[in-house]
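What follows is the content of entry-v5.cif, which has mmCIF, C-alpha atoms:
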```cif
data_coords
loop_
_atom_site.group_PDB
_atom_site.id
_atom_site.type_symbol
_atom_site.label_atom_id
_atom_site.label_comp_id
_atom_site.auth_asym_id
_atom_site.auth_seq_id
_atom_site.Cartn_x
_atom_site.Cartn_y
_atom_site.Cartn_z
ATOM 1 C CA MET A 19 14.219 -46.213 42.745
ATOM 2 C CA ASP A 20 12.101 -43.087 42.304
ATOM 3 C CA GLU A 21 14.730 -40.733 43.705
ATOM 4 C CA ASP A 22 16.907 -38.614 41.464
ATOM 5 C CA ALA A 23 20.464 -39.786 40.987
ATOM 6 C CA VAL A 24 23.159 -37.939 42.915
ATOM 7 C CA LEU A 25 26.386 -37.236 41.059
ATOM 8 C CA GLU A 26 29.395 -36.852 43.322
ATOM 9 C CA HIS A 27 32.388 -34.905 42.087
ATOM 10 C CA ARG A 28 35.658 -33.389 43.266
ATOM 11 C CA SER A 29 37.348 -30.316 41.844
ATOM 12 C CA VAL A 30 40.491 -28.200 42.061
ATOM 13 C CA PRO A 31 40.749 -24.424 41.521
ATOM 14 C CA HIS A 32 42.216 -23.602 38.104
ATOM 15 C CA LEU A 33 43.503 -20.191 37.012
ATOM 16 C CA GLY A 34 42.300 -19.403 33.487
ATOM 17 C CA GLY A 35 40.164 -21.293 31.013
ATOM 18 C CA VAL A 36 41.108 -24.911 30.324
ATOM 19 C CA ASN A 37 41.913 -25.560 26.651
ATOM 20 C CA ARG A 38 42.653 -29.274 26.986
ATOM 21 C CA VAL A 39 43.010 -31.974 29.651
ATOM 22 C CA ARG A 40 45.004 -35.188 29.361
ATOM 23 C CA ALA A 41 45.341 -37.976 31.949
ATOM 24 C CA GLN A 42 48.485 -39.993 32.574
ATOM 25 C CA PRO A 43 48.443 -43.210 30.502
ATOM 26 C CA LEU A 44 48.585 -46.579 32.217
ATOM 27 C CA PRO A 45 49.610 -49.906 30.658
ATOM 28 C CA PRO A 46 46.679 -52.147 29.608
ATOM 29 C CA ASN A 47 44.946 -53.962 32.478
ATOM 30 C CA THR A 48 46.942 -51.966 35.032
ATOM 31 C CA PRO A 49 45.051 -50.559 38.047
ATOM 32 C CA LEU A 50 45.545 -47.082 39.433
ATOM 33 C CA PRO A 51 48.595 -46.671 41.674
ATOM 34 C CA PRO A 52 48.000 -46.789 45.444
ATOM 35 C CA VAL A 53 46.805 -43.567 47.032
ATOM 36 C CA SER A 54 50.286 -42.955 48.445
ATOM 37 C CA SER A 55 51.578 -42.671 44.858
ATOM 38 C CA PRO A 56 50.648 -39.905 42.414
ATOM 39 C CA TYR A 57 48.398 -40.150 39.380
ATOM 40 C CA TYR A 58 48.802 -37.158 37.089
ATOM 41 C CA VAL A 59 46.510 -35.064 34.926
ATOM 42 C CA ALA A 60 47.796 -32.182 32.789
ATOM 43 C CA SER A 61 45.778 -29.089 31.844
ATOM 44 C CA TRP A 62 46.529 -26.542 29.101
ATOM 45 C CA ALA A 63 45.444 -23.125 30.400
ATOM 46 C CA GLU A 64 44.615 -20.046 28.327
ATOM 47 C CA THR A 65 47.180 -18.198 30.457
ATOM 48 C CA GLY A 66 50.012 -19.972 28.607
ATOM 49 C CA LYS A 67 50.689 -22.363 31.493
ATOM 50 C CA VAL A 68 50.517 -26.136 31.470
ATOM 51 C CA HIS A 69 49.743 -27.473 34.947
ATOM 52 C CA ILE A 70 50.326 -31.023 36.157
ATOM 53 C CA TRP A 71 48.045 -32.164 38.998
ATOM 54 C CA ASP A 72 48.078 -35.204 41.272
ATOM 55 C CA VAL A 73 44.425 -36.313 41.209
ATOM 56 C CA ARG A 74 44.936 -39.648 42.990
ATOM 57 C CA PRO A 75 43.559 -38.317 46.337
ATOM 58 C CA LEU A 76 40.446 -37.008 44.549
ATOM 59 C CA ILE A 77 39.731 -40.435 43.105
ATOM 60 C CA GLU A 78 40.275 -42.036 46.517
ATOM 61 C CA SER A 79 37.845 -39.629 48.166
ATOM 62 C CA LEU A 80 35.146 -40.698 45.700
ATOM 63 C CA ASP A 81 35.851 -44.414 46.203
ATOM 64 C CA VAL A 82 36.292 -44.392 49.992
ATOM 65 C CA PRO A 83 33.605 -42.637 52.081
ATOM 66 C CA GLY A 84 35.104 -40.432 54.773
ATOM 67 C CA TYR A 85 38.546 -40.210 53.165
ATOM 68 C CA ALA A 86 40.204 -36.985 54.364
ATOM 69 C CA LEU A 87 41.609 -34.839 51.556
ATOM 70 C CA GLU A 88 44.803 -32.872 52.101
ATOM 71 C CA ARG A 89 43.883 -29.531 50.557
ATOM 72 C CA GLY A 90 47.482 -28.486 50.135
ATOM 73 C CA ARG A 91 48.178 -31.567 48.047
ATOM 74 C CA ILE A 92 45.239 -31.185 45.662
ATOM 75 C CA ASN A 93 44.805 -27.407 45.287
ATOM 76 C CA THR A 94 48.305 -26.749 43.976
ATOM 77 C CA PRO A 95 49.787 -28.249 40.797
ATOM 78 C CA VAL A 96 52.828 -30.440 41.389
ATOM 79 C CA TYR A 97 54.524 -28.804 38.397
ATOM 80 C CA THR A 98 53.846 -25.971 35.948
ATOM 81 C CA VAL A 99 55.345 -25.702 32.461
ATOM 82 C CA ASN A 100 56.297 -22.046 32.012
ATOM 83 C CA ALA A 101 58.310 -22.468 28.793
ATOM 84 C CA HIS A 102 55.465 -21.285 26.526
ATOM 85 C CA GLY A 103 55.476 -17.829 28.081
ATOM 86 C CA ARG A 104 52.075 -16.215 27.568
ATOM 87 C CA ALA A 105 51.252 -18.192 24.420
ATOM 88 C CA GLU A 106 48.283 -20.482 25.010
ATOM 89 C CA GLY A 107 47.913 -23.829 23.268
ATOM 90 C CA PHE A 108 45.738 -26.846 22.604
ATOM 91 C CA ALA A 109 48.094 -29.666 21.593
ATOM 92 C CA MET A 110 49.095 -32.052 24.384
ATOM 93 C CA ASP A 111 49.884 -35.750 24.768
ATOM 94 C CA TRP A 112 51.369 -38.033 27.429
ATOM 95 C CA ALA A 113 53.539 -41.093 26.864
ATOM 96 C CA ALA A 114 54.762 -43.642 29.382
ATOM 97 C CA ASP A 115 57.593 -46.155 29.286
ATOM 98 C CA THR A 116 55.888 -49.556 29.178
ATOM 99 C CA GLY A 117 58.663 -51.012 31.318
ATOM 100 C CA ASN A 118 58.449 -48.179 33.844
ATOM 101 C CA PRO A 119 55.011 -46.499 34.005
ATOM 102 C CA SER A 120 56.358 -43.778 36.296
ATOM 103 C CA ALA A 121 58.744 -42.595 33.540
ATOM 104 C CA LEU A 122 56.468 -40.062 31.854
ATOM 105 C CA ARG A 123 56.874 -37.727 28.890
ATOM 106 C CA LEU A 124 54.525 -34.830 28.093
ATOM 107 C CA LEU A 125 54.474 -32.904 24.809
ATOM 108 C CA THR A 126 52.781 -29.494 24.598
ATOM 109 C CA GLY A 127 52.360 -27.307 21.518
ATOM 110 C CA ASP A 128 51.331 -23.633 21.469
ATOM 111 C CA VAL A 129 49.843 -21.056 19.094
ATOM 112 C CA HIS A 130 53.322 -19.638 18.392
ATOM 113 C CA SER A 131 54.346 -22.932 16.680
ATOM 114 C CA ASN A 132 56.586 -24.185 19.515
ATOM 115 C CA ILE A 133 56.516 -27.708 20.968
ATOM 116 C CA TYR A 134 58.107 -28.440 24.352
ATOM 117 C CA LEU A 135 58.968 -31.757 25.974
ATOM 118 C CA THR A 136 58.543 -32.288 29.725
ATOM 119 C CA THR A 137 59.816 -35.462 31.395
ATOM 120 C CA THR A 138 59.913 -36.951 34.862
ATOM 121 C CA THR A 139 63.079 -36.589 36.926
ATOM 122 C CA ALA A 140 64.271 -37.865 40.283
ATOM 123 C CA SER A 141 62.782 -34.767 41.939
ATOM 124 C CA GLY A 142 59.611 -34.363 39.846
ATOM 125 C CA PHE A 143 59.380 -32.892 36.338
ATOM 126 C CA ALA A 144 61.631 -30.858 34.057
ATOM 127 C CA THR A 145 60.961 -29.095 30.742
ATOM 128 C CA GLN A 146 63.592 -28.885 28.020
ATOM 129 C CA SER A 147 64.556 -25.273 27.327
ATOM 130 C CA GLN A 148 64.806 -25.677 23.535
ATOM 131 C CA PRO A 149 61.523 -26.237 21.634
ATOM 132 C CA TYR A 150 60.813 -28.218 18.474
ATOM 133 C CA THR A 151 60.390 -25.550 15.805
ATOM 134 C CA SER A 152 59.575 -26.769 12.264
ATOM 135 C CA HIS A 153 55.959 -25.514 12.280
ATOM 136 C CA THR A 154 55.248 -21.936 11.188
ATOM 137 C CA SER A 155 51.827 -21.485 12.814
ATOM 138 C CA SER A 156 49.727 -22.731 15.730
ATOM 139 C CA VAL A 157 50.229 -26.384 16.720
ATOM 140 C CA GLU A 158 46.717 -27.855 16.837
ATOM 141 C CA ASP A 159 47.241 -31.490 17.848
ATOM 142 C CA ILE A 160 50.071 -33.798 18.846
ATOM 143 C CA GLN A 161 50.441 -37.548 19.425
ATOM 144 C CA TRP A 162 53.182 -39.931 20.446
ATOM 145 C CA SER A 163 53.762 -42.905 18.179
ATOM 146 C CA PRO A 164 52.092 -46.092 19.449
ATOM 147 C CA ALA A 165 55.092 -48.143 18.282
ATOM 148 C CA GLU A 166 58.248 -46.030 18.700
ATOM 149 C CA ALA A 167 58.999 -44.429 22.047
ATOM 150 C CA THR A 168 61.043 -41.537 20.618
ATOM 151 C CA VAL A 169 58.699 -40.585 17.753
ATOM 152 C CA PHE A 170 55.719 -38.225 17.724
ATOM 153 C CA ALA A 171 53.536 -36.468 15.145
ATOM 154 C CA SER A 172 51.940 -33.027 15.088
ATOM 155 C CA CYS A 173 49.626 -30.987 12.902
ATOM 156 C CA SER A 174 49.276 -27.259 12.535
ATOM 157 C CA ALA A 175 47.403 -24.263 11.186
ATOM 158 C CA ASP A 176 50.286 -24.040 8.680
ATOM 159 C CA ARG A 177 48.439 -26.926 6.862
ATOM 160 C CA SER A 178 51.200 -29.442 7.562
ATOM 161 C CA ILE A 179 51.575 -32.769 9.348
ATOM 162 C CA ARG A 180 55.037 -33.437 10.733
ATOM 163 C CA VAL A 181 56.729 -36.483 12.238
ATOM 164 C CA TRP A 182 59.537 -35.991 14.736
ATOM 165 C CA ASP A 183 62.164 -38.067 16.514
ATOM 166 C CA VAL A 184 63.407 -36.661 19.813
ATOM 167 C CA ARG A 185 66.862 -38.107 19.080
ATOM 168 C CA VAL A 186 67.317 -35.817 16.045
ATOM 169 C CA LYS A 187 69.614 -32.899 16.831
ATOM 170 C CA GLY A 188 68.391 -29.380 16.224
ATOM 171 C CA ARG A 189 64.763 -30.083 17.232
ATOM 172 C CA LYS A 190 63.607 -30.250 13.579
ATOM 173 C CA CYS A 191 61.058 -32.662 12.112
ATOM 174 C CA ALA A 192 62.194 -35.828 10.349
ATOM 175 C CA LEU A 193 59.257 -36.137 7.907
ATOM 176 C CA ALA A 194 56.567 -33.757 6.698
ATOM 177 C CA VAL A 195 53.465 -33.450 4.517
ATOM 178 C CA SER A 196 53.039 -29.815 3.523
ATOM 179 C CA PRO A 197 50.431 -28.935 2.574
ATOM 180 C CA ALA A 198 48.468 -31.869 3.960
ATOM 181 C CA HIS A 199 45.088 -30.080 3.749
ATOM 182 C CA GLU A 200 43.659 -27.058 1.986
ATOM 183 C CA SER A 201 43.286 -25.289 5.335
ATOM 184 C CA ASP A 202 44.340 -25.649 8.998
ATOM 185 C CA VAL A 203 44.981 -29.240 10.083
ATOM 186 C CA ASN A 204 43.076 -29.463 13.372
ATOM 187 C CA VAL A 205 43.336 -33.101 14.455
ATOM 188 C CA ILE A 206 45.384 -36.250 13.935
ATOM 189 C CA SER A 207 44.861 -39.796 15.173
ATOM 190 C CA TRP A 208 47.533 -42.490 15.001
ATOM 191 C CA ASN A 209 46.285 -46.030 14.317
ATOM 192 C CA ARG A 210 47.075 -48.116 17.407
ATOM 193 C CA ASN A 211 47.110 -51.433 15.555
ATOM 194 C CA THR A 212 48.819 -50.408 12.301
ATOM 195 C CA GLU A 213 51.437 -47.880 13.360
ATOM 196 C CA TYR A 214 52.164 -46.520 9.869
ATOM 197 C CA LEU A 215 48.562 -45.332 9.308
ATOM 198 C CA MET A 216 47.318 -41.946 10.482
ATOM 199 C CA LEU A 217 44.103 -39.948 10.114
ATOM 200 C CA SER A 218 43.938 -36.164 9.858
ATOM 201 C CA GLY A 219 41.089 -33.670 9.773
ATOM 202 C CA GLY A 220 41.201 -30.165 8.303
ATOM 203 C CA ASP A 221 39.278 -26.914 8.564
ATOM 204 C CA GLU A 222 37.984 -27.382 5.022
ATOM 205 C CA GLY A 223 35.986 -30.417 6.171
ATOM 206 C CA GLY A 224 38.280 -33.094 4.774
ATOM 207 C CA ILE A 225 39.387 -36.284 6.523
ATOM 208 C CA LYS A 226 42.461 -38.028 5.117
ATOM 209 C CA THR A 227 44.310 -41.270 5.745
ATOM 210 C CA TRP A 228 48.106 -41.257 5.467
ATOM 211 C CA ASP A 229 50.565 -44.101 4.962
ATOM 212 C CA LEU A 230 53.644 -42.860 6.811
ATOM 213 C CA ARG A 231 55.852 -45.347 4.955
ATOM 214 C CA ASN A 232 55.424 -43.203 1.847
ATOM 215 C CA LEU A 233 56.379 -39.873 3.398
ATOM 216 C CA SER A 234 59.574 -37.977 2.787
ATOM 217 C CA LYS A 235 60.744 -34.578 3.911
#
```

I'd like the structure from this file rewritten - as structure tokens, please.
Amino acid sequence: MDEDAVLEHRSVPHLGGVNRVRAQPLPPNTPLPPVSSPYYVASWAETGKVHIWDVRPLIESLDVPGYALERGRINTPVYTVNAHGRAEGFAMDWAADTGNPSALRLLTGDVHSNIYLTTTTASGFATQSQPYTSHTSSVEDIQWSPAEATVFASCSADRSIRVWDVRVKGRKCALAVSPAHESDVNVISWNRNTEYLMLSGGDEGGIKTWDLRNLSK
């Protein structure tokens, strides 16, 4: 009892500073997949790349003493989003199909105002070539709707909050509040129990609550 605690950890080599990390969502009360199946974590790098890693073996090695890690499997990302070019970013959010947890969607937004959608495919992941482009400055935060699988929201240094539907042609937003704050809108948080309520925080120090039922373009 008098000995110092020992913290075990596992790591992977990462090229460039990490701007944001997001783990694959799982349905409520659902355990991790077996070690033979992947569990993904995405990282936004300052190099302009978004890497997707399978961290399931790392978790297993912490839970099971003596588990042998396959270095080739953990030291290399399973997929890299190159669509952002050299523009780094901070906005990132996963969504999963509740009926099929392996059907994943990843949104990433960069400092050049572009948002890209990456989805799972039969062979891994694929990123759509055409971005969502209604913002005019850096995309600071992004979130999928907790109630509608095709809807997401984003906020930006252009002082706006925008709501999108991936089914809309032309990759333009469906609803917008502009300006939403006096300065950059840094963060948004969608209410998980009341899906039409959203919080936002701005550079000027303001926190606002929005009723999305009252928005129009």

Legend entry - Minimum-distance residue to Asp128 (chain A), chosen among A:Ala140, A:Val68, A:Val205, A:Met19 (using all atoms listed in the file): A:Val68

Legend entry - Minimum-distance residue to Ala198 (chain A), chosen among A:Asp115, A:Asp176, A:Glu213, A:Glu158 (using all atoms listed in the file): A:Asp176

Inset, instruction - Give me the residues within 9 Å of Asn204 (chain A) as an MDAnalysis selection string, counting all atoms listed in the file and dropping any in the same chain fewer than 4 places off. - result: chainID A and resid 157:159 173:175 177 218:221

Inset, instruction - Check which residues satisfy the PyMOL selection byres ((chain A and resi 100) around 8) in the file shown, then give them as number ranges by chain. - result: A: 66-68, 98-99, 101-103

Result set, the PyMOL selection byres ((chain A and resi 87) around 12) on current file, as a CSV table (one decimal) with C-alpha atoms, keeping the file's coordinate frame:
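File written: part_6.csv
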```csv
chain,number,residue,atom,x,y,z
A,28,ARG,CA,35.7,-33.4,43.3
A,29,SER,CA,37.3,-30.3,41.8
A,30,VAL,CA,40.5,-28.2,42.1
A,53,VAL,CA,46.8,-43.6,47.0
A,73,VAL,CA,44.4,-36.3,41.2
A,74,ARG,CA,44.9,-39.6,43.0
A,75,PRO,CA,43.6,-38.3,46.3
A,76,LEU,CA,40.4,-37.0,44.5
A,77,ILE,CA,39.7,-40.4,43.1
A,78,GLU,CA,40.3,-42.0,46.5
A,79,SER,CA,37.8,-39.6,48.2
A,80,LEU,CA,35.1,-40.7,45.7
A,82,VAL,CA,36.3,-44.4,50.0
A,83,PRO,CA,33.6,-42.6,52.1
A,84,GLY,CA,35.1,-40.4,54.8
A,85,TYR,CA,38.5,-40.2,53.2
A,86,ALA,CA,40.2,-37.0,54.4
A,88,GLU,CA,44.8,-32.9,52.1
A,89,ARG,CA,43.9,-29.5,50.6
A,90,GLY,CA,47.5,-28.5,50.1
A,91,ARG,CA,48.2,-31.6,48.0
A,92,ILE,CA,45.2,-31.2,45.7
A,93,ASN,CA,44.8,-27.4,45.3
```

Legend entry - Spatial neighbours of Val39 (chain A), 8 Å, all atoms listed in the file, chain gap at least 2 places, as a PyMOL selection string: chain A and resi 36-37+41+59-62

Legend entry - For Ile179 (chain A), the nearest of the candidates A:Gln146, A:Thr138, A:Thr212, A:Thr227, counting only C-alpha atoms: A:Thr227

Inset, instruction - Identify, on the basis of only C-alpha atoms, every residue whose closest approach to Ser55 (chain A) does not exceed 10 Å; exclude the query and any residue fewer than 3 positions from it along the same chain; express the result as a list in words. - result: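 Residues near the query, excluding close chain neighbours: Leu50, Pro51, Pro52, Tyr58, Asp72, Arg74, Pro75 and Ser120 of chain A.
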
Can you sort out the box for region 148-159 of chain A, edges along x, y and z, all listed atoms in, 3 Å on every side, with centre and edge lengths in Å to one decimal, as AutoDock Vina command-line options?
```
--center_x 55.8 --center_y -26.5 --center_z 17.4 --size_x 24.1 --size_y 16.0 --size_z 18.3
```

Legend entry - Residue with smallest distance to Ala144 (chain A) - pool A:Tyr97, A:Lys190, A:Gln161, A:Met110, counting all atoms listed in the file: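 That would be A:Tyr97, the residue with the smallest distance to Ala144 (chain A).
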
Legend entry - A:Ala113, A:Ile225, A:Thr65, A:Phe108 ranked by distance to Gln42 (chain A), top pick (using only C-alpha atoms):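 The answer is A:Ala113, which sits nearest to Gln42 (chain A).
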
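Using all atoms listed in the file, the nearest neighbour of Trp112 (chain A) within the list A:Ser141, A:Thr94, A:Ser163, A:Ser196 is A:Ser163.
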
Inset, instruction - Report the residues retrieved by the PyMOL selection byres ((chain A and resi 181) around 12) from the displayed file, expressed as JSON, numbers by chain. - result: {"A": [150, 152, 153, 160, 161, 162, 163, 166, 168, 169, 170, 171, 172, 173, 174, 178, 179, 180, 182, 183, 184, 186, 189, 190, 191, 192, 193, 194, 195, 196, 206, 208, 214, 216, 228, 230, 231, 233, 234, 235]}

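The spacing separating CA of Asp111 (chain A) from CA of Gly223 (chain A) amounts to 23.8 Å.
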
Inset, instruction - May I ask for the distance between CA of Arg185 (chain A) and CA of Arg123 (chain A), given in Å to one decimal place? - result: 14.0 Å

Legend entry - His130 (chain A) surroundings by all atoms listed in the file, 7 Å radius, close-in-sequence under 6 positions cut, as a ChimeraX atom specification: /A:105,155-156

Inset, instruction - Give me, please, the distance in Å between CA of Glu64 (chain A) and CA of Leu33 (chain A), quoted to one decimal. - result: 8.8 Å
